[in-house]
file my_file-v1.tsv (TSV, C-alpha atoms)
chain	number	residue	atom	x	y	z
A	10	MET	CA	-65.92	49.43	10.78
A	11	ASP	CA	-67.76	46.67	12.58
A	12	ALA	CA	-70.98	48.07	14.07
A	13	ARG	CA	-71.16	45.54	16.89
A	14	THR	CA	-70.73	46.78	20.44
A	15	ASP	CA	-67.67	45.81	22.44
A	16	ALA	CA	-69.72	43.39	24.54
A	17	GLU	CA	-71.11	41.74	21.40
A	18	LEU	CA	-67.60	41.39	20.01
A	19	VAL	CA	-66.40	39.80	23.23
A	20	ALA	CA	-69.33	37.38	23.23
A	21	SER	CA	-68.57	36.49	19.65
A	22	ALA	CA	-64.89	35.97	20.45
A	23	LEU	CA	-65.80	33.75	23.37
A	24	ARG	CA	-67.77	31.59	20.96
A	25	GLY	CA	-64.50	31.19	19.04
A	26	ALA	CA	-64.93	33.68	16.20
A	27	GLN	CA	-61.43	34.63	15.09
A	28	GLU	CA	-62.65	37.70	13.23
A	29	ALA	CA	-64.04	39.03	16.52
A	30	PHE	CA	-60.60	38.77	18.12
A	31	ARG	CA	-59.12	40.63	15.20
A	32	GLU	CA	-61.81	43.33	15.34
A	33	ILE	CA	-61.05	43.86	19.04
A	34	VAL	CA	-57.39	44.43	18.17
A	35	VAL	CA	-58.22	46.80	15.33
A	36	ARG	CA	-60.61	48.74	17.53
A	37	PHE	CA	-58.25	49.22	20.45
A	38	GLU	CA	-54.72	49.03	19.06
A	39	ARG	CA	-54.32	52.79	18.78
A	40	PRO	CA	-55.42	53.84	22.27
A	41	LEU	CA	-53.50	50.99	23.91
A	42	TYR	CA	-50.35	51.65	21.96
A	43	SER	CA	-50.71	55.38	22.59
A	44	LEU	CA	-50.76	54.84	26.35
A	45	ILE	CA	-48.03	52.20	26.49
A	46	SER	CA	-45.64	54.00	24.16
A	47	ARG	CA	-45.88	57.12	26.31
A	48	MET	CA	-45.07	55.08	29.40
A	49	VAL	CA	-42.08	53.10	28.12
A	50	HIS	CA	-40.70	55.55	25.51
A	51	ASP	CA	-39.44	52.75	23.29
A	52	PRO	CA	-41.57	51.92	20.21
A	53	LEU	CA	-40.30	48.34	20.03
A	54	GLN	CA	-41.06	47.61	23.66
A	55	ALA	CA	-44.38	49.41	23.33
A	56	GLU	CA	-45.35	47.18	20.40
A	57	ASP	CA	-44.31	44.07	22.29
A	58	LEU	CA	-46.21	45.10	25.41
A	59	ALA	CA	-49.30	46.07	23.43
A	60	GLN	CA	-49.30	42.62	21.82
A	61	GLU	CA	-48.87	41.05	25.24
A	62	VAL	CA	-51.85	43.01	26.57
A	63	PHE	CA	-54.11	41.69	23.82
A	64	VAL	CA	-52.93	38.12	24.30
A	65	LYS	CA	-53.53	38.38	28.05
A	66	ALA	CA	-56.94	39.89	27.44
A	67	PHE	CA	-57.92	37.14	25.03
A	68	ARG	CA	-56.75	34.50	27.47
A	69	ARG	CA	-58.90	35.98	30.24
A	70	LEU	CA	-61.77	37.16	28.10
A	71	ASP	CA	-64.17	34.96	30.03
A	72	THR	CA	-63.55	37.06	33.14
A	73	TYR	CA	-64.65	40.29	31.46
A	74	ASP	CA	-67.87	41.67	32.90
A	75	PRO	CA	-69.99	43.04	30.01
A	76	GLU	CA	-71.60	45.50	32.44
A	77	ARG	CA	-68.30	47.36	32.60
A	78	LYS	CA	-66.57	49.32	29.89
A	79	PHE	CA	-64.34	47.09	27.79
A	80	SER	CA	-61.76	49.81	27.16
A	81	SER	CA	-61.30	50.30	30.92
A	82	TRP	CA	-60.76	46.58	31.33
A	83	LEU	CA	-58.15	46.59	28.56
A	84	PHE	CA	-56.45	49.70	29.93
A	85	LYS	CA	-56.28	48.03	33.34
A	86	ILE	CA	-54.44	45.08	31.79
A	87	ALA	CA	-52.15	47.53	29.98
A	88	HIS	CA	-51.49	49.38	33.24
A	89	ASN	CA	-50.58	46.15	35.06
A	90	THR	CA	-48.52	44.77	32.19
A	91	THR	CA	-46.53	47.98	31.80
A	92	ILE	CA	-45.79	48.26	35.51
A	93	ASP	CA	-44.82	44.58	35.71
A	94	HIS	CA	-42.52	45.07	32.74
A	95	LEU	CA	-40.87	48.12	34.27
A	96	ARG	CA	-40.63	46.43	37.67
A	97	LYS	CA	-38.49	43.75	36.09
A	98	GLY	CA	-35.99	46.48	35.37
A	99	VAL	CA	-35.69	45.62	31.70
A	100	PRO	CA	-33.22	48.15	30.34
A	101	GLU	CA	-34.73	50.51	27.86
A	102	THR	CA	-33.42	50.04	24.39
A	103	VAL	CA	-32.75	52.95	22.12
A	104	PRO	CA	-34.03	52.37	18.62
A	105	LEU	CA	-31.32	52.62	16.00
A	106	GLN	CA	-33.48	54.49	13.56
A	107	VAL	CA	-33.89	58.23	13.89
A	108	GLU	CA	-37.05	59.10	15.77
A	109	LYS	CA	-39.94	59.18	13.39
A	110	ASP	CA	-41.39	62.61	12.87
A	111	GLU	CA	-44.96	62.40	14.08
A	112	GLY	CA	-47.78	63.91	12.14
A	113	PRO	CA	-48.36	64.52	8.47
A	114	ASP	CA	-45.42	64.96	6.20
A	115	LEU	CA	-44.37	68.58	5.77
A	116	SER	CA	-44.62	68.40	1.98
A	117	ALA	CA	-48.17	67.11	2.34
A	118	VAL	CA	-49.01	69.99	4.64
A	119	LEU	CA	-47.54	72.49	2.19
A	120	SER	CA	-49.39	71.07	-0.81
A	121	ASP	CA	-52.76	70.49	0.81
A	122	ASP	CA	-55.03	73.49	0.33
A	123	SER	CA	-57.52	72.24	2.85
A	124	MET	CA	-54.97	72.50	5.62
A	125	GLU	CA	-53.96	75.59	7.53
A	126	ASP	CA	-51.23	77.76	6.14
A	127	PRO	CA	-47.82	76.08	6.10
A	128	ALA	CA	-46.20	78.36	8.65
A	129	ALA	CA	-49.00	77.73	11.14
A	130	ALA	CA	-48.88	73.99	10.43
A	131	VAL	CA	-45.16	73.88	11.09
A	132	GLU	CA	-45.58	75.84	14.26
A	133	ARG	CA	-48.38	73.57	15.38
A	134	ARG	CA	-46.15	70.57	14.84
A	135	GLN	CA	-43.35	72.17	16.81
A	136	MET	CA	-45.76	72.90	19.58
A	137	ALA	CA	-47.06	69.31	19.52
A	138	ARG	CA	-43.51	68.04	19.73
A	139	ALA	CA	-42.78	70.31	22.68
A	140	LEU	CA	-45.93	69.15	24.41
A	141	GLU	CA	-44.99	65.49	23.89
A	142	LYS	CA	-41.58	66.26	25.33
A	143	THR	CA	-43.06	67.83	28.45
A	144	ILE	CA	-45.51	64.93	28.85
A	145	ALA	CA	-42.58	62.52	28.65
A	146	ALA	CA	-40.83	64.43	31.43
A	147	LEU	CA	-43.77	64.04	33.83
A	148	ARG	CA	-43.66	61.53	36.66
A	149	PRO	CA	-45.10	58.23	35.37
A	150	GLU	CA	-48.14	58.35	37.64
A	151	TYR	CA	-48.96	61.85	36.39
A	152	ARG	CA	-48.20	60.93	32.81
A	153	GLU	CA	-50.56	57.97	32.86
A	154	VAL	CA	-53.54	59.94	34.13
A	155	VAL	CA	-52.78	62.78	31.70
A	156	VAL	CA	-52.71	60.42	28.74
A	157	LEU	CA	-55.86	58.63	29.88
A	158	PHE	CA	-57.77	61.85	30.51
A	159	TYR	CA	-56.59	64.22	27.81
A	160	VAL	CA	-55.57	61.84	25.03
A	161	GLU	CA	-57.94	58.91	25.48
A	162	GLY	CA	-60.81	60.92	26.88
A	163	ALA	CA	-61.31	58.61	29.87
A	164	SER	CA	-63.58	59.83	32.66
A	165	TYR	CA	-62.50	60.11	36.30
A	166	PRO	CA	-64.24	56.85	37.30
A	167	GLU	CA	-62.61	55.06	34.38
A	168	ILE	CA	-59.17	56.35	35.34
A	169	CYS	CA	-59.80	55.25	38.92
A	170	GLU	CA	-60.72	51.79	37.65
A	171	VAL	CA	-57.64	51.54	35.46
A	172	THR	CA	-55.10	52.89	37.93
A	173	GLY	CA	-56.69	51.71	41.16
A	174	LEU	CA	-56.35	55.22	42.57
A	175	PRO	CA	-59.04	57.06	44.52
A	176	SER	CA	-60.92	59.79	42.70
A	177	GLY	CA	-59.34	62.56	44.80
A	178	THR	CA	-55.85	61.35	43.95
A	179	VAL	CA	-56.64	61.25	40.24
A	180	LYS	CA	-57.92	64.82	40.35
A	181	THR	CA	-54.86	65.96	42.30
A	182	TYR	CA	-52.52	64.23	39.85
A	183	LEU	CA	-54.27	65.84	36.89
A	184	HIS	CA	-54.17	69.27	38.48
A	185	ARG	CA	-50.48	69.05	39.40
A	186	ALA	CA	-49.59	67.55	36.02
A	187	ARG	CA	-51.35	70.41	34.24
A	188	LYS	CA	-49.38	72.94	36.29
A	189	GLU	CA	-46.11	71.15	35.57
A	190	LEU	CA	-46.91	70.98	31.87
A	191	ALA	CA	-47.67	74.71	31.80
A	192	GLN	CA	-44.41	75.54	33.57
A	193	ALA	CA	-42.43	73.29	31.26
A	194	MET	CA	-44.04	74.72	28.13
A	195	SER	CA	-43.36	78.26	29.33
A	196	ALA	CA	-39.78	77.30	30.06
A	197	LEU	CA	-39.48	76.04	26.47
A	198	GLY	CA	-40.51	79.48	25.23
A	199	TRP	CA	-44.15	78.82	24.45
A	200	GLY	CA	-45.57	81.27	26.93
A	201	GLY	CA	-45.54	84.59	25.11
A	202	PRO	CA	-48.15	86.23	22.92
B	9	MET	CA	-35.12	82.51	25.05
B	10	ALA	CA	-37.36	84.45	22.73
B	11	THR	CA	-40.99	83.62	23.18
B	12	ARG	CA	-42.82	82.32	20.15
B	13	HIS	CA	-46.15	83.11	18.67
B	14	THR	CA	-48.35	80.49	20.24
B	15	PRO	CA	-51.41	78.78	18.83
B	16	ASP	CA	-54.61	80.08	20.29
B	17	ALA	CA	-55.42	77.13	22.56
B	18	LEU	CA	-51.95	77.12	24.03
B	19	ALA	CA	-52.13	80.84	24.79
B	20	ARG	CA	-55.54	80.44	26.39
B	21	TRP	CA	-54.36	77.49	28.44
B	22	LEU	CA	-51.25	79.18	29.78
B	23	ALA	CA	-53.13	82.40	30.49
B	24	ALA	CA	-55.84	80.48	32.34
B	25	GLU	CA	-53.21	78.62	34.36
B	26	GLN	CA	-51.54	81.88	35.35
B	27	GLN	CA	-54.84	83.38	36.44
B	28	GLY	CA	-55.97	80.25	38.26
B	29	ARG	CA	-59.01	79.62	36.03
B	30	ASP	CA	-58.90	75.84	36.27
B	31	ASP	CA	-61.96	74.93	34.19
B	32	GLU	CA	-60.88	77.14	31.34
B	33	ALA	CA	-57.33	75.81	31.53
B	34	GLU	CA	-58.61	72.26	31.37
B	35	MET	CA	-60.81	72.95	28.34
B	36	ALA	CA	-57.98	74.71	26.50
B	37	LEU	CA	-55.58	71.87	27.27
B	38	LEU	CA	-58.10	69.32	26.03
B	39	GLU	CA	-58.32	71.29	22.80
B	40	LEU	CA	-54.54	71.36	22.59
B	41	PHE	CA	-54.27	67.62	23.02
B	42	GLU	CA	-56.63	67.08	20.13
B	43	ALA	CA	-53.96	68.62	17.93
B	44	LEU	CA	-51.40	66.03	19.01
B	45	PRO	CA	-50.61	63.50	16.31
B	46	GLU	CA	-52.10	60.12	17.11
B	47	ARG	CA	-49.67	57.39	18.02
B	48	ALA	CA	-50.25	54.09	16.33
B	49	PRO	CA	-48.31	50.86	16.01
B	50	GLU	CA	-46.67	49.92	12.75
B	51	PRO	CA	-49.05	48.61	10.05
B	52	GLY	CA	-49.96	44.93	10.38
B	53	PHE	CA	-50.20	45.07	14.16
B	54	ALA	CA	-53.44	43.08	14.23
B	55	ASP	CA	-51.83	40.32	12.14
B	56	ARG	CA	-48.89	40.16	14.52
B	57	VAL	CA	-51.17	39.96	17.54
B	58	MET	CA	-53.23	37.20	15.94
B	59	ALA	CA	-50.07	35.27	15.06
B	60	ARG	CA	-48.83	35.62	18.63
B	61	TRP	CA	-52.21	34.64	20.00
B	62	SER	CA	-52.30	31.52	17.86
B	63	THR	CA	-48.88	30.41	19.12
B	64	GLU	CA	-48.82	31.73	22.69
B	65	GLY	CA	-52.48	31.74	23.54
B	66	ALA	CA	-52.96	28.03	24.00
B	67	LEU	CA	-49.45	27.40	25.27
B	68	ALA	CA	-49.55	30.02	27.96
B	69	ALA	CA	-52.94	29.04	29.35
B	70	PRO	CA	-52.56	28.44	33.07
B	71	VAL	CA	-51.53	24.84	33.54
B	72	ASP	CA	-52.07	22.92	36.71
B	73	GLU	CA	-49.21	20.46	36.87
B	74	LEU	CA	-51.22	18.13	39.09
B	75	ALA	CA	-54.43	18.45	37.07
B	76	PRO	CA	-54.64	14.76	36.10
B	77	VAL	CA	-54.21	13.71	39.76
B	78	PRO	CA	-57.51	13.53	41.71
B	79	VAL	CA	-57.80	15.70	44.79
B	80	TRP	CA	-58.02	12.74	47.20
B	81	MET	CA	-54.81	11.38	45.68
B	82	ARG	CA	-53.05	14.71	46.27
B	83	TRP	CA	-54.09	14.68	49.92
B	84	LEU	CA	-52.97	11.07	50.27
B	85	LEU	CA	-49.64	11.83	48.64
B	86	GLY	CA	-49.17	14.88	50.87
B	87	GLY	CA	-50.06	12.86	53.96
B	88	VAL	CA	-47.61	10.10	53.11
B	89	LEU	CA	-44.82	12.59	52.47
B	90	LEU	CA	-45.58	14.38	55.73
B	91	ALA	CA	-45.62	11.09	57.62
B	92	LEU	CA	-42.30	10.02	56.14
B	93	GLY	CA	-40.76	13.39	56.85
B	94	SER	CA	-41.79	13.28	60.49
B	95	LEU	CA	-40.84	9.62	60.99
B	96	PRO	CA	-38.06	10.45	63.49
B	97	PHE	CA	-40.65	11.98	65.80
B	98	TRP	CA	-43.39	9.43	65.78
B	99	GLY	CA	-41.38	6.38	64.72
B	100	PRO	CA	-39.80	5.49	68.08
B	101	VAL	CA	-43.08	5.94	69.92
B	102	VAL	CA	-45.00	3.75	67.50
B	103	PHE	CA	-42.30	1.14	67.48
B	104	ALA	CA	-42.20	1.11	71.26
B	105	VAL	CA	-45.97	0.67	71.40
B	106	VAL	CA	-45.84	-2.12	68.86
B	107	ALA	CA	-43.05	-3.78	70.83
B	108	ALA	CA	-45.05	-3.51	74.07
B	109	LEU	CA	-48.11	-4.95	72.37
B	110	GLY	CA	-45.96	-7.69	70.90
B	111	SER	CA	-44.65	-8.75	74.30
B	112	ALA	CA	-48.13	-8.52	75.83
B	113	LEU	CA	-49.54	-10.72	73.11
B	114	GLY	CA	-46.65	-13.14	73.39
B	115	LEU	CA	-45.44	-12.64	69.86
B	116	PRO	CA	-42.08	-14.10	68.98
B	117	ASP	CA	-38.95	-12.51	70.35
B	118	LEU	CA	-37.83	-12.01	66.81
B	119	LEU	CA	-40.53	-9.50	66.13
B	120	GLN	CA	-39.76	-7.67	69.37
B	121	THR	CA	-36.10	-7.52	68.49
B	122	GLY	CA	-36.92	-6.22	65.06
B	123	VAL	CA	-39.18	-3.53	66.46
B	124	ARG	CA	-36.55	-2.54	69.00
B	125	GLY	CA	-34.02	-2.36	66.21
B	126	LEU	CA	-36.26	-0.11	64.19
B	127	SER	CA	-36.89	1.99	67.27
B	128	SER	CA	-33.17	2.34	67.83
B	129	ALA	CA	-32.68	3.26	64.20
B	130	GLY	CA	-35.30	5.94	64.50
B	131	GLN	CA	-33.68	7.30	67.63
B	132	GLY	CA	-30.32	7.20	65.95
B	133	LEU	CA	-31.67	9.13	63.02
B	134	THR	CA	-33.11	11.69	65.37
B	135	SER	CA	-29.82	12.12	67.16
B	136	LEU	CA	-27.95	12.40	63.88
B	137	VAL	CA	-29.94	15.25	62.54
B	138	GLY	CA	-29.39	18.17	64.87
B	139	LEU	CA	-32.12	20.24	63.37
B	140	TRP	CA	-34.67	17.50	63.65
B	141	LYS	CA	-33.60	16.88	67.20
B	142	ALA	CA	-34.13	20.51	68.12
B	143	LEU	CA	-37.49	20.39	66.43
B	144	ALA	CA	-38.32	17.18	68.26
B	145	THR	CA	-37.51	18.84	71.57
B	146	ALA	CA	-39.69	21.78	70.70
B	147	ILE	CA	-42.52	19.55	69.58
B	148	GLN	CA	-42.21	17.39	72.68
B	149	ALA	CA	-42.52	20.54	74.74
B	150	VAL	CA	-45.50	21.71	72.75
B	151	VAL	CA	-47.36	18.42	72.47
B	152	PRO	CA	-48.49	17.99	76.12
B	153	PRO	CA	-50.43	21.27	76.25
B	154	LEU	CA	-51.94	20.38	72.89
B	155	ALA	CA	-53.57	17.40	74.51
B	156	SER	CA	-56.07	19.87	75.89
B	157	PRO	CA	-58.83	20.40	73.31
B	158	ARG	CA	-59.00	24.12	74.11
B	159	VAL	CA	-55.30	24.67	73.50
B	160	ALA	CA	-55.37	22.55	70.37
B	161	GLY	CA	-58.36	24.51	69.09
B	162	ALA	CA	-56.67	27.82	69.83
B	163	VAL	CA	-53.49	26.74	68.06
B	164	LEU	CA	-55.42	25.53	65.04
B	165	ALA	CA	-57.35	28.80	64.96
B	166	CYS	CA	-54.09	30.78	65.09
B	167	LEU	CA	-52.61	28.70	62.31
B	168	ALA	CA	-55.71	29.17	60.20
B	169	VAL	CA	-55.71	32.93	60.77
B	170	SER	CA	-52.02	33.25	59.93
B	171	ALA	CA	-52.40	31.10	56.81
B	172	ILE	CA	-55.35	33.15	55.58
B	173	SER	CA	-53.54	36.40	56.43
B	174	PHE	CA	-50.47	35.27	54.55
B	175	ARG	CA	-52.55	34.42	51.53
B	176	PHE	CA	-54.31	37.79	51.56
B	177	LEU	CA	-51.06	39.65	52.11
B	178	ARG	CA	-49.46	37.87	49.20
B	179	GLU	CA	-52.42	38.66	47.00
B	180	ILE	CA	-52.38	42.33	48.00
B	181	LEU	CA	-48.63	42.62	47.40
B	182	SER	CA	-48.82	41.07	43.96
B	183	ARG	CA	-51.94	43.07	43.10
B	184	ASP	CA	-50.58	46.43	44.15
B	185	ARG	CA	-49.14	47.86	41.01
B	186	SER	CA	-48.05	51.38	41.73
B	187	TRP	CA	-45.84	53.61	39.68
B	188	ALA	CA	-44.08	54.42	42.94
B	189	TYR	CA	-42.21	51.12	42.61
B	190	VAL	CA	-40.96	51.52	39.09
B	191	ASP	CA	-38.60	53.87	37.38
B	192	PRO	CA	-39.31	54.11	33.69
B	193	SER	CA	-36.84	56.94	33.15
call {"tool": "encode", "arguments": {"input": "my_file-v1.tsv", "output": "structure tokens"}}
result
Amino acid sequence: MDARTDAELVASALRGAQEAFREIVVRFERPLYSLISRMVHDPLQAEDLAQEVFVKAFRRLDTYDPERKFSSWLFKIAHNTTIDHLRKGVPETVPLQVEKDEGPDLSAVLSDDSMEDPAAAVERRQMARALEKTIAALRPEYREVVVLFYVEGASYPEICEVTGLPSGTVKTYLHRARKELAQAMSALGWGGP
Amino acid sequence: MATRHTPDALARWLAAEQQGRDDEAEMALLELFEALPERAPEPGFADRVMARWSTEGALAAPVDELAPVPVWMRWLLGGVLLALGSLPFWGPVVFAVVAALGSALGLPDLLQTGVRGLSSAGQGLTSLVGLWKALATAIQAVVPPLASPRVAGAVLACLAVSAISFRFLREILSRDRSWAYVDPS
């Protein structure tokens, strides 16, 4: 992994270094895709939008302020791009392939001694799937702050910067989202001892 | 539905939620999210972005269609177009003035006739276009008060304020990206 800081990478990219552009993509493709795919539900559209976010970012790289966090700047572009995309009312496409099972392959789990026991691993995967399902059912504004906070580890100020919401609203959204998630998980049968 | 044996973090989270222990609930949920499988694009994503950047990046750079035209030329062009568009309003007046000057200076009758003809043509054009005529009436009603510097200044100030407001409003509307206006479901 490239040891340069984000700001150094940006400076290098601004000087025209192609490898710096690529390193930026490699460094941020997962968090960006993670957020976008949870907002649009469609892997193909998520990939397309994630690409669009990087292209937009590269085009406007000269406007990035190195004093600010680069990931927040990128997430802000992702936030705007996703909303603009959904505002256009582009119908969601349903991928023809069967939904890919997230996480490690079951046979790998069963054969790997270093992992938890197979029954627990299977249960953990079922629980993860249920949690993803309940996240997907949240209102988009709740879902976005949940993903940013719990999945991407963004701080309150960063979420405010990305979403343009006041701090109090972000906290309220997170609190309500957590309650809704708990209710939904209980309703799915995950509440008992 | 039968309840299932829940992983520890989930049990702690739900218990904390039920008992209103927010901090504990948040910590347990954070722990739970760490167990979620990471979502990642298909392999080769960086290559696809770089390919798209190489083709779209330069093409999609903001292009100013009038970039090669100097600013003074744009103003001149705009002024000429504005003058031509408003010809029915100022044409007859100018032609009448020219005609009066022509007769005062003893210029040939031919020139006077020509100017009168042009004046008539302008008036005819004005009468033909109902919209322009209505506008002309409105402008004629508005012009006399505008002769006063105070009124003219006030009108210009109002126009400037409304133009700036419109620009800001437009910027705010296009900048405001709220999930309230989209339905991703």
call {"tool": "interface_residues", "arguments": {"input": "my_file-v1.tsv", "of": "chain A", "to": "chain B", "cutoff": "6 Å", "atoms": "all atoms listed in the file", "output": "MDAnalysis selection string"}}
result
chainID A and resid 34 39 43 60 64 95:96 112 137 150 159 198:199 201:202
call {"tool": "atom_distance", "arguments": {"input": "my_file-v1.tsv", "atom1": "CA of Leu147 in chain A", "atom2": "CA of Ala129 in chain A"}}
result
27.0 Å
call {"tool": "atom_distance", "arguments": {"input": "my_file-v1.tsv", "atom1": "CA of Leu167 in chain B", "atom2": "CA of Val150 in chain B"}}
result
14.4 Å
call {"tool": "residues_around", "arguments": {"input": "my_file-v1.tsv", "residues": "range 12-27 of chain A", "least_positions_apart": "4", "cutoff": "12 Å", "atoms": "all atoms listed in the file", "output": "JSON, numbers by chain"}}
result
{"A": [31, 32, 33, 34, 35, 36, 37, 66, 67, 68, 69, 70, 71, 72, 73, 74, 75, 76, 77, 78, 79, 80, 81, 82, 83], "B": [54, 55, 57, 58, 59, 61, 62]}
call {"tool": "atom_distance", "arguments": {"input": "my_file-v1.tsv", "atom1": "CA of Leu154 in chain B", "atom2": "CA of Met81 in chain B"}}
result
28.8 Å
call {"tool": "residues_around", "arguments": {"input": "my_file-v1.tsv", "residues": "Leu133 in chain B", "least_positions_apart": "2", "cutoff": "12 Å", "atoms": "only C-alpha atoms", "output": "PyMOL selection string"}}
result
chain B and resi 93-97+99-100+126-131+135-141+144
